[in-house]
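Text of query-v5.tsv, listed as TSV, C-alpha atoms:
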chain	number	residue	atom	x	y	z
A	1	MET	CA	180.80	153.69	-79.68
A	2	THR	CA	182.44	156.40	-81.83
A	3	LEU	CA	180.52	159.25	-83.42
A	4	GLN	CA	181.23	157.88	-86.89
A	5	THR	CA	179.93	154.43	-85.92
A	6	THR	CA	176.81	155.98	-84.38
A	7	LYS	CA	176.10	157.97	-87.53
A	8	ARG	CA	176.55	154.84	-89.63
A	9	LEU	CA	174.12	152.87	-87.48
A	10	PHE	CA	171.45	155.56	-87.56
A	11	THR	CA	171.85	155.87	-91.33
A	12	LEU	CA	171.32	152.12	-91.60
A	13	LEU	CA	168.32	152.34	-89.30
A	14	THR	CA	166.75	155.07	-91.43
A	15	ALA	CA	167.29	153.03	-94.59
A	16	LEU	CA	165.68	149.99	-92.99
A	17	LEU	CA	162.59	151.87	-91.80
A	18	LEU	CA	161.93	153.85	-94.98
A	19	PRO	CA	159.95	151.07	-96.73
A	20	LEU	CA	157.73	150.79	-93.67
A	21	SER	CA	157.27	154.53	-93.15
A	22	SER	CA	155.75	155.08	-96.59
A	23	SER	CA	153.36	152.21	-95.99
A	24	MET	CA	152.37	153.64	-92.60
A	25	LEU	CA	151.26	156.89	-94.18
A	26	GLN	CA	149.00	155.05	-96.62
A	27	ALA	CA	147.49	152.48	-94.26
A	28	GLN	CA	148.09	153.23	-90.63
A	29	GLU	CA	145.46	150.78	-89.47
A	30	GLN	CA	147.50	147.90	-90.91
A	31	VAL	CA	150.78	148.88	-89.30
A	32	ARG	CA	151.69	147.06	-86.10
A	33	VAL	CA	154.35	148.30	-83.70
A	34	THR	CA	155.29	146.30	-80.60
A	35	PHE	CA	157.81	146.81	-77.83
A	36	THR	CA	159.51	144.17	-75.74
A	37	GLY	CA	162.58	143.85	-73.59
A	38	PHE	CA	164.16	142.82	-70.32
A	39	VAL	CA	166.51	144.05	-67.60
A	40	GLN	CA	169.10	141.92	-65.78
A	41	ALA	CA	170.67	143.23	-62.57
A	42	ILE	CA	173.38	141.05	-61.01
A	43	ALA	CA	175.93	141.00	-58.22
A	44	GLN	CA	179.01	138.80	-58.68
A	45	TYR	CA	181.72	137.58	-56.33
A	46	GLY	CA	184.86	136.05	-57.81
A	47	SER	CA	188.07	134.63	-56.38
A	48	GLU	CA	189.63	136.51	-59.35
A	49	GLY	CA	188.19	139.05	-61.75
A	50	ASP	CA	188.58	137.09	-64.99
A	51	TYR	CA	184.92	136.26	-65.55
A	52	ILE	CA	183.20	139.16	-63.76
A	53	LYS	CA	180.75	140.77	-66.19
A	54	VAL	CA	179.70	143.96	-64.37
A	55	GLY	CA	181.45	146.89	-62.75
A	56	HIS	CA	184.95	148.22	-63.41
A	57	LEU	CA	187.75	145.95	-62.22
A	58	THR	CA	190.83	147.55	-60.74
A	59	ALA	CA	194.29	146.09	-60.21
A	60	PRO	CA	195.35	143.68	-58.83
A	61	TYR	CA	193.12	141.47	-60.97
A	62	ASP	CA	194.01	138.19	-59.26
A	63	HIS	CA	192.41	139.09	-55.91
A	64	ARG	CA	188.94	138.37	-54.61
A	65	THR	CA	186.42	140.95	-55.74
A	66	THR	CA	182.70	141.73	-55.64
A	67	ARG	CA	180.94	143.76	-58.33
A	68	MET	CA	177.34	144.64	-59.07
A	69	GLY	CA	175.55	146.36	-61.92
A	70	ILE	CA	173.28	146.02	-64.94
A	71	ARG	CA	174.44	143.04	-66.96
A	72	ARG	CA	172.02	143.79	-69.76
A	73	GLY	CA	169.02	145.99	-70.40
A	74	ARG	CA	167.29	145.43	-73.72
A	75	LEU	CA	164.53	147.41	-75.41
A	76	ALA	CA	163.29	146.17	-78.78
A	77	ALA	CA	160.91	147.92	-81.17
A	78	ILE	CA	159.38	145.84	-83.97
A	79	ALA	CA	157.37	147.45	-86.76
A	80	SER	CA	155.55	145.23	-89.26
A	81	TYR	CA	153.37	145.83	-92.29
A	82	GLY	CA	152.23	142.94	-94.44
A	83	ASP	CA	155.24	140.81	-95.35
A	84	LEU	CA	157.75	143.44	-94.19
A	85	ALA	CA	159.18	144.04	-90.74
A	86	ALA	CA	161.98	146.00	-89.13
A	87	ARG	CA	163.52	145.55	-85.69
A	88	VAL	CA	165.71	147.81	-83.58
A	89	ASP	CA	167.23	146.72	-80.26
A	90	VAL	CA	168.90	149.13	-77.86
A	91	ASN	CA	171.29	147.47	-75.42
A	92	ALA	CA	172.25	149.03	-72.08
A	93	THR	CA	174.75	147.91	-69.44
A	94	ASP	CA	176.29	149.63	-66.44
A	95	GLN	CA	179.10	150.74	-68.77
A	96	LYS	CA	177.49	151.86	-72.03
A	97	ILE	CA	174.39	152.17	-74.20
A	98	SER	CA	174.65	150.78	-77.72
A	99	ILE	CA	172.67	149.58	-80.71
A	100	PHE	CA	172.20	145.81	-80.79
A	101	ASN	CA	169.99	144.22	-83.48
A	102	VAL	CA	169.05	146.51	-86.37
A	103	TYR	CA	167.61	144.66	-89.35
A	104	ALA	CA	164.85	144.53	-91.92
A	105	GLU	CA	163.04	141.28	-92.67
A	106	TYR	CA	160.84	140.03	-95.51
A	107	LYS	CA	158.56	137.01	-94.97
A	108	PRO	CA	156.62	136.31	-98.18
A	109	HIS	CA	153.07	135.13	-97.47
A	110	TRP	CA	153.22	132.86	-100.51
A	111	ALA	CA	156.18	130.92	-99.02
A	112	GLU	CA	155.20	130.33	-95.42
A	113	GLY	CA	158.22	129.85	-93.18
A	114	ALA	CA	160.75	131.41	-95.58
A	115	TYR	CA	162.39	134.75	-94.82
A	116	VAL	CA	165.20	137.09	-95.81
A	117	LYS	CA	166.71	139.61	-93.43
A	118	GLY	CA	169.66	141.95	-93.47
A	119	GLY	CA	171.43	144.25	-91.03
A	120	LEU	CA	172.98	143.77	-87.60
A	121	MET	CA	171.92	140.46	-86.07
A	122	THR	CA	173.13	137.51	-84.02
A	123	PRO	CA	174.84	134.93	-86.28
A	124	SER	CA	172.90	131.68	-86.67
A	125	PHE	CA	175.42	129.14	-85.47
A	126	GLY	CA	174.78	126.23	-83.14
A	127	TYR	CA	172.50	126.21	-80.13
A	128	GLU	CA	173.90	128.53	-77.45
A	129	LEU	CA	174.98	131.49	-79.59
A	130	PRO	CA	171.55	132.64	-80.88
A	131	TYR	CA	169.78	131.67	-77.63
A	132	SER	CA	168.84	134.83	-75.70
A	133	SER	CA	170.14	135.25	-72.16
A	134	SER	CA	166.58	136.12	-71.10
A	135	LYS	CA	165.64	132.48	-71.83
A	136	ARG	CA	168.83	130.67	-70.79
A	137	ALA	CA	168.96	128.97	-67.43
A	138	ALA	CA	172.36	130.62	-66.81
A	139	PHE	CA	172.97	134.28	-67.59
A	140	GLU	CA	176.17	133.55	-69.52
A	141	ARG	CA	176.91	131.15	-72.36
A	142	SER	CA	179.63	128.51	-71.99
A	143	HIS	CA	182.98	130.23	-71.47
A	144	TYR	CA	184.45	129.28	-74.86
A	145	MET	CA	181.76	131.20	-76.79
A	146	ALA	CA	183.38	134.53	-75.93
A	147	ASP	CA	186.57	133.33	-77.64
A	148	LEU	CA	184.92	131.91	-80.75
A	149	PHE	CA	182.49	134.82	-81.23
A	150	PRO	CA	183.89	138.00	-79.65
A	151	GLY	CA	180.69	139.87	-80.54
A	152	ASP	CA	177.06	138.84	-80.09
A	153	ILE	CA	176.08	140.47	-83.38
A	154	ASP	CA	177.45	140.80	-86.89
A	155	MET	CA	176.59	142.67	-90.07
A	156	GLY	CA	175.14	140.41	-92.73
A	157	LEU	CA	172.40	138.98	-94.88
A	158	GLU	CA	170.48	135.82	-93.94
A	159	ILE	CA	168.16	133.57	-95.92
A	160	GLY	CA	166.26	130.93	-94.02
A	161	TYR	CA	163.24	128.75	-93.45
A	162	LYS	CA	161.50	127.98	-90.16
A	163	GLY	CA	158.39	125.91	-90.47
A	164	ALA	CA	156.59	122.59	-90.41
A	165	LEU	CA	157.42	119.72	-92.76
A	166	ASP	CA	154.04	118.02	-92.39
A	167	HIS	CA	150.45	119.04	-91.75
A	168	THR	CA	150.49	117.64	-88.19
A	169	ASN	CA	153.36	119.97	-87.25
A	170	ARG	CA	155.25	117.03	-85.73
A	171	TRP	CA	158.36	117.65	-87.81
A	172	ARG	CA	159.86	121.12	-88.07
A	173	LEU	CA	162.89	122.38	-89.96
A	174	GLU	CA	165.06	125.42	-89.32
A	175	SER	CA	167.68	126.22	-91.93
A	176	THR	CA	169.72	129.38	-92.40
A	177	LEU	CA	172.45	130.53	-94.75
A	178	SER	CA	174.23	133.73	-93.74
A	179	ILE	CA	176.74	136.02	-95.43
A	180	LEU	CA	178.56	137.94	-92.69
A	181	SER	CA	181.17	140.66	-92.44
A	182	GLY	CA	182.95	138.65	-89.73
A	183	ASN	CA	183.89	141.83	-87.88
A	184	ALA	CA	181.39	141.76	-85.01
A	185	ASP	CA	179.25	144.92	-85.06
A	186	LYS	CA	181.18	146.75	-87.78
A	187	GLY	CA	180.85	146.94	-91.53
A	188	MET	CA	182.87	144.64	-93.74
A	189	ASN	CA	186.52	145.64	-94.18
A	190	LYS	CA	187.95	142.66	-96.05
A	191	ASN	CA	187.68	141.27	-99.56
A	192	LEU	CA	185.62	138.15	-98.86
A	193	PRO	CA	182.67	137.70	-96.47
A	194	ASP	CA	182.28	134.88	-93.96
A	195	LEU	CA	179.64	132.19	-94.45
A	196	ALA	CA	177.52	130.46	-91.81
A	197	LEU	CA	175.14	127.54	-92.28
A	198	CYS	CA	172.80	126.06	-89.69
A	199	LEU	CA	170.34	123.17	-89.99
A	200	ALA	CA	168.06	121.94	-87.20
A	201	LEU	CA	165.37	119.25	-87.32
A	202	THR	CA	162.79	118.96	-84.52
A	203	GLN	CA	160.42	116.09	-83.83
A	204	ARG	CA	157.49	116.92	-81.57
A	205	GLY	CA	155.52	114.33	-79.63
A	206	SER	CA	152.74	114.49	-77.10
A	207	SER	CA	155.17	114.75	-74.20
A	208	HIS	CA	158.57	115.44	-75.77
A	209	ASP	CA	160.54	117.52	-78.28
A	210	ILE	CA	163.83	116.34	-79.77
A	211	SER	CA	166.04	118.62	-81.89
A	212	PHE	CA	169.20	117.79	-83.82
A	213	GLY	CA	171.37	120.48	-85.36
A	214	LEU	CA	174.46	120.90	-87.52
A	215	SER	CA	176.35	124.16	-88.06
A	216	GLY	CA	179.28	125.39	-90.08
A	217	TYR	CA	181.22	128.64	-90.16
A	218	ALA	CA	183.85	129.48	-92.79
A	219	GLY	CA	185.78	132.71	-92.90
A	220	SER	CA	189.19	134.31	-92.93
A	221	VAL	CA	191.08	137.09	-91.22
A	222	PRO	CA	193.43	139.23	-93.31
A	223	THR	CA	196.91	139.76	-91.92
A	224	GLN	CA	199.45	142.47	-92.60
A	225	GLY	CA	202.32	140.03	-92.50
A	226	GLU	CA	202.86	136.47	-91.35
A	227	TYR	CA	201.32	134.10	-88.83
A	228	TYR	CA	202.02	130.69	-87.35
A	229	ALA	CA	199.76	127.72	-88.02
A	230	PHE	CA	199.92	124.45	-86.10
A	231	ASP	CA	199.91	121.26	-88.14
A	232	LYS	CA	200.46	117.86	-86.48
A	233	GLY	CA	202.30	119.37	-83.56
A	234	THR	CA	204.55	121.65	-85.58
A	235	ALA	CA	204.22	125.42	-85.96
A	236	THR	CA	204.82	126.61	-89.54
A	237	LEU	CA	205.10	130.17	-90.82
A	238	GLN	CA	202.28	131.18	-93.18
A	239	LYS	CA	201.30	134.31	-95.09
A	240	ASP	CA	198.15	136.09	-96.28
A	241	ARG	CA	194.91	134.93	-94.64
A	242	MET	CA	194.28	133.10	-91.41
A	243	LEU	CA	191.39	130.64	-91.49
A	244	ARG	CA	188.44	130.93	-89.13
A	245	ALA	CA	186.56	127.67	-89.61
A	246	TYR	CA	184.14	126.01	-87.16
A	247	GLY	CA	181.97	122.92	-87.32
A	248	GLY	CA	179.40	122.08	-84.69
A	249	ALA	CA	176.55	119.76	-83.73
A	250	PHE	CA	173.97	119.83	-80.97
A	251	ILE	CA	171.06	117.85	-79.56
A	252	ASN	CA	168.32	119.24	-77.35
A	253	THR	CA	165.59	117.14	-75.72
A	254	THR	CA	162.63	118.38	-73.68
A	255	LEU	CA	160.60	115.81	-71.74
A	256	GLN	CA	157.28	116.87	-70.23
A	257	HIS	CA	156.19	115.21	-66.96
A	258	HIS	CA	153.53	115.74	-64.31
A	259	GLY	CA	155.74	118.02	-62.25
A	260	GLY	CA	157.07	120.14	-65.12
A	261	ALA	CA	159.75	119.55	-67.75
A	262	LEU	CA	163.27	118.15	-68.05
A	263	MET	CA	165.62	119.52	-70.74
A	264	LEU	CA	168.88	117.84	-71.81
A	265	THR	CA	171.26	119.71	-74.11
A	266	ALA	CA	174.67	118.86	-75.54
A	267	GLU	CA	176.77	120.77	-78.06
A	268	GLY	CA	180.20	120.23	-79.58
A	269	ILE	CA	182.34	122.56	-81.73
A	270	MET	CA	185.75	122.08	-83.31
A	271	GLY	CA	187.84	123.85	-85.93
A	272	LEU	CA	190.50	126.51	-86.48
A	273	GLN	CA	190.60	129.76	-84.55
A	274	PRO	CA	192.73	132.84	-85.33
A	275	GLY	CA	194.20	134.78	-82.44
A	276	TRP	CA	197.34	136.15	-80.81
A	277	GLN	CA	199.98	134.46	-78.72
A	278	ASN	CA	198.47	136.00	-75.58
A	279	ALA	CA	194.77	136.05	-76.50
A	280	ASN	CA	192.36	133.42	-77.76
A	281	LEU	CA	189.82	135.78	-79.32
A	282	ALA	CA	188.91	135.10	-82.94
A	283	ILE	CA	189.96	138.71	-83.70
A	284	GLY	CA	186.66	139.49	-85.44
A	285	SER	CA	186.11	143.17	-84.75
A	286	LYS	CA	189.82	143.95	-84.98
A	287	ALA	CA	190.38	142.59	-88.50
A	288	PRO	CA	192.62	143.47	-90.26
A	289	ALA	CA	194.76	142.91	-87.18
A	290	THR	CA	197.35	145.31	-85.88
A	291	VAL	CA	200.30	143.03	-85.24
A	292	GLU	CA	202.72	145.34	-83.45
A	293	ASN	CA	204.54	143.28	-80.81
A	294	ASN	CA	202.08	140.46	-81.35
A	295	ILE	CA	202.46	137.07	-82.98
A	296	LEU	CA	199.39	135.86	-84.85
A	297	ILE	CA	198.52	132.18	-84.36
A	298	GLN	CA	195.98	129.91	-86.02
A	299	ARG	CA	194.90	127.40	-83.37
A	300	PRO	CA	193.03	124.10	-83.66
A	301	PHE	CA	190.48	123.69	-80.87
A	302	VAL	CA	187.75	121.43	-79.49
A	303	ALA	CA	184.93	122.72	-77.28
A	304	GLY	CA	181.73	121.27	-75.89
A	305	MET	CA	179.09	121.51	-73.21
A	306	ALA	CA	176.39	119.37	-71.61
A	307	GLN	CA	173.51	120.88	-69.66
A	308	LEU	CA	170.62	119.56	-67.57
A	309	VAL	CA	167.65	121.78	-66.67
A	310	GLU	CA	164.69	120.70	-64.52
A	311	ARG	CA	161.66	123.02	-64.37
A	312	LEU	CA	159.36	122.28	-61.42
A	313	LYS	CA	156.16	123.91	-62.54
A	314	PRO	CA	154.04	123.61	-59.35
A	315	VAL	CA	156.56	125.76	-57.43
A	316	ASP	CA	157.89	127.74	-60.46
A	317	LEU	CA	161.43	126.64	-59.65
A	318	GLU	CA	164.20	125.78	-62.13
A	319	LEU	CA	167.34	123.80	-61.28
A	320	PHE	CA	170.25	123.49	-63.71
A	321	GLY	CA	173.74	122.12	-64.04
A	322	ARG	CA	176.26	122.54	-66.87
A	323	TYR	CA	179.69	121.19	-67.76
A	324	ALA	CA	181.81	122.87	-70.45
A	325	TYR	CA	185.16	121.79	-71.91
A	326	TYR	CA	187.59	123.86	-74.00
A	327	ASP	CA	190.87	122.56	-75.47
A	328	ARG	CA	192.93	124.92	-77.63
A	329	ASN	CA	196.11	124.08	-79.44
A	330	ARG	CA	195.54	120.36	-78.99
A	331	GLN	CA	198.66	119.70	-81.07
A	332	PHE	CA	200.87	122.33	-79.46
A	333	ASP	CA	204.54	121.46	-79.74
A	334	PRO	CA	206.51	122.46	-76.57
A	335	GLN	CA	209.67	122.71	-78.69
A	336	ALA	CA	207.95	125.23	-80.94
A	337	GLU	CA	207.23	127.31	-77.84
A	338	GLN	CA	210.97	127.68	-77.35
A	339	GLU	CA	211.71	128.36	-81.01
A	340	LEU	CA	208.99	130.98	-81.38
A	341	LYS	CA	209.67	132.50	-77.96
A	342	LEU	CA	206.01	132.45	-77.05
A	343	SER	CA	206.82	133.03	-73.40
A	344	ARG	CA	203.76	135.24	-72.91
A	345	LEU	CA	201.31	132.35	-73.19
A	346	THR	CA	198.78	132.41	-70.38
A	347	ALA	CA	196.21	130.05	-68.93
A	348	ARG	CA	193.53	131.69	-71.08
A	349	THR	CA	195.65	131.06	-74.18
A	350	GLU	CA	196.97	127.54	-73.94
A	351	GLY	CA	196.00	124.19	-72.52
A	352	ARG	CA	192.57	122.98	-71.45
A	353	SER	CA	189.88	124.56	-69.33
A	354	TYR	CA	186.71	123.26	-67.71
A	355	GLN	CA	183.63	125.02	-66.43
A	356	ILE	CA	181.22	123.56	-63.89
A	357	SER	CA	178.05	125.56	-63.29
A	358	THR	CA	175.00	124.99	-61.16
A	359	GLY	CA	172.15	127.18	-60.01
A	360	VAL	CA	168.52	127.78	-59.24
A	361	ASN	CA	165.97	130.18	-60.75
A	362	TYR	CA	162.69	131.18	-59.09
A	363	PHE	CA	159.93	132.64	-61.29
A	364	LEU	CA	157.23	135.12	-60.28
A	365	GLN	CA	154.45	137.05	-62.02
A	366	GLN	CA	153.94	134.43	-64.75
A	367	ASP	CA	157.67	134.25	-65.50
A	368	HIS	CA	158.06	138.01	-65.95
A	369	LEU	CA	160.29	138.17	-62.87
A	370	ARG	CA	163.16	135.75	-62.29
A	371	LEU	CA	165.41	135.55	-59.22
A	372	SER	CA	168.65	133.61	-59.71
A	373	LEU	CA	171.51	132.15	-57.73
A	374	GLN	CA	174.39	130.59	-59.69
A	375	TYR	CA	177.80	129.13	-58.90
A	376	ASP	CA	180.63	128.66	-61.43
A	377	CYS	CA	183.97	126.93	-61.04
A	378	PHE	CA	186.64	127.34	-63.73
A	379	LEU	CA	189.48	124.80	-63.85
A	380	ARG	CA	192.40	125.56	-66.15
A	381	GLN	CA	195.66	124.10	-67.32
A	382	GLN	CA	198.59	126.17	-68.53
A	383	LEU	CA	202.07	125.69	-69.91
A	384	GLU	CA	204.92	125.95	-67.46
A	385	GLN	CA	208.42	124.75	-68.36
A	386	GLN	CA	207.04	122.85	-71.36
A	387	THR	CA	204.55	120.98	-69.17
A	388	LEU	CA	200.80	121.37	-68.79
A	389	ILE	CA	199.99	121.92	-65.13
A	390	ALA	CA	196.74	122.70	-63.35
A	391	ALA	CA	196.25	126.34	-62.43
A	392	LYS	CA	194.42	127.54	-59.34
A	393	PRO	CA	190.66	127.08	-59.82
A	394	LEU	CA	188.53	130.20	-60.07
A	395	HIS	CA	185.22	130.45	-58.21
A	396	MET	CA	182.35	132.81	-58.95
A	397	VAL	CA	178.93	133.33	-57.37
A	398	THR	CA	176.20	135.30	-59.15
A	399	ILE	CA	173.00	136.66	-57.63
A	400	GLY	CA	170.64	138.16	-60.17
A	401	ALA	CA	167.17	139.43	-60.94
A	402	GLN	CA	165.57	139.64	-64.38
A	403	TYR	CA	162.36	141.35	-65.41
A	404	LYS	CA	160.81	140.81	-68.86
A	405	PHE	CA	158.17	143.06	-70.33

Kindly return the structure encoded in the file as structure tokens.
Amino acid sequence: MTLQTTKRLFTLLTALLLPLSSSMLQAQEQVRVTFTGFVQAIAQYGSEGDYIKVGHLTAPYDHRTTRMGIRRGRLAAIASYGDLAARVDVNATDQKISIFNVYAEYKPHWAEGAYVKGGLMTPSFGYELPYSSSKRAAFERSHYMADLFPGDIDMGLEIGYKGALDHTNRWRLESTLSILSGNADKGMNKNLPDLALCLALTQRGSSHDISFGLSGYAGSVPTQGEYYAFDKGTATLQKDRMLRAYGGAFINTTLQHHGGALMLTAEGIMGLQPGWQNANLAIGSKAPATVENNILIQRPFVAGMAQLVERLKPVDLELFGRYAYYDRNRQFDPQAEQELKLSRLTARTEGRSYQISTGVNYFLQQDHLRLSLQYDCFLRQQLEQQTLIAAKPLHMVTIGAQYKF
């Protein structure tokens, strides 16, 4: 984090806390300050280093490697007074310490469930993105999320409602509309903001919860020149703005039983993704893009995951399995690859990829401490001589411990 960025964040933090500080001086007995957080320490073995999240990888990257470190340490401070609140999260890894969430929130008492918040926050899109790693069965989200959302947080303003639709609390609605900079954790540096919309309806029964959700994301990435867009298998040269547009849906079901709970989750996302010829990332924090020696591409994609989690309460054990699918450039034209000389395409850039994950979590001290063992297998296809072929599968084993306080 640069000095200028740090100064900007602390200026924002001061501005967010000023309304609360004046109130604290007048009525300290009504001010409530709480602290929460967690620490995740992991060791990872990989047949290659592509998906290793801790430590510093050294060349050659395609060899077996073992790394260990702090995946994430999070300390959150929440100050509230009446209808106002402010939150600051400090994020620490084995590589850096940075500011995570920094936002102010207003929840009017006369409109229970409604809220407005602004600052740095996780975008409300879909199921997996806003779901904290301290609660997920697996430490990491599905592998395609890092491409679609290069940063966990974004600068923006969000208006939403989270509350019951009836007096029995059987039906609940969550709805959010966000205006975002679209540049990960930086301020807005383009003419138009991105928009995100998320709707989720939950039906609660005596032994089950069922949630359905729809999400949309609409934005653009300014370019300093031209880019290629794929349309019905043909790459065409375009100018001005690249579209970043996603649509998604999810379903999540929790079934309570005598031995614990079973959770079934499925999510699908499709749309247009801006990136480079040798990188899938949605650019985000690097907009406007520097295009020296790079060709900008707007890719169509389809992604999805299905997950099964079984919590065995008598023994405080959790078993999970997940399957994730990611298909980018579904309409890629091999002839266009020759014409555009995109010879630097890699397995992470083109073709299809699959992720199979399974693991076990053991909980201690009323779920404050979690011990985890997880296995991931990544299967990929890449272009070679105008043909999609299967690349060597990547294997990764993760051993981790998490403590929440």

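Among the candidates A:Tyr115, A:Phe363, A:Tyr103, A:Tyr61, the one nearest to Ala76 of chain A when counting only C-alpha atoms is A:Tyr103.
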
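When all atoms listed in the file are used to measure the gap to Asn191 of chain A, the shortest distance among A:Val360, A:Met305, A:Leu264, A:Val221 belongs to A:Val221.
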
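Among the candidates A:Leu308, A:Ala138, A:Ala401, A:Val302, the residue lying nearest to Asn252 of chain A is A:Leu308 (atoms considered: only C-alpha atoms).
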
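Between Asn91 of chain A and the residues A:Gly216, A:Gly205, A:Gly268, A:Gly73, the shortest atom-to-atom distance, using only C-alpha atoms, involves A:Gly73.
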
inquiry  = I need the residue nearest Leu180 of chain A from this list: A:Phe212, A:Tyr144, A:Tyr217, A:Tyr81. Use all atoms listed in the file for the distance.
reply    = A:Tyr217
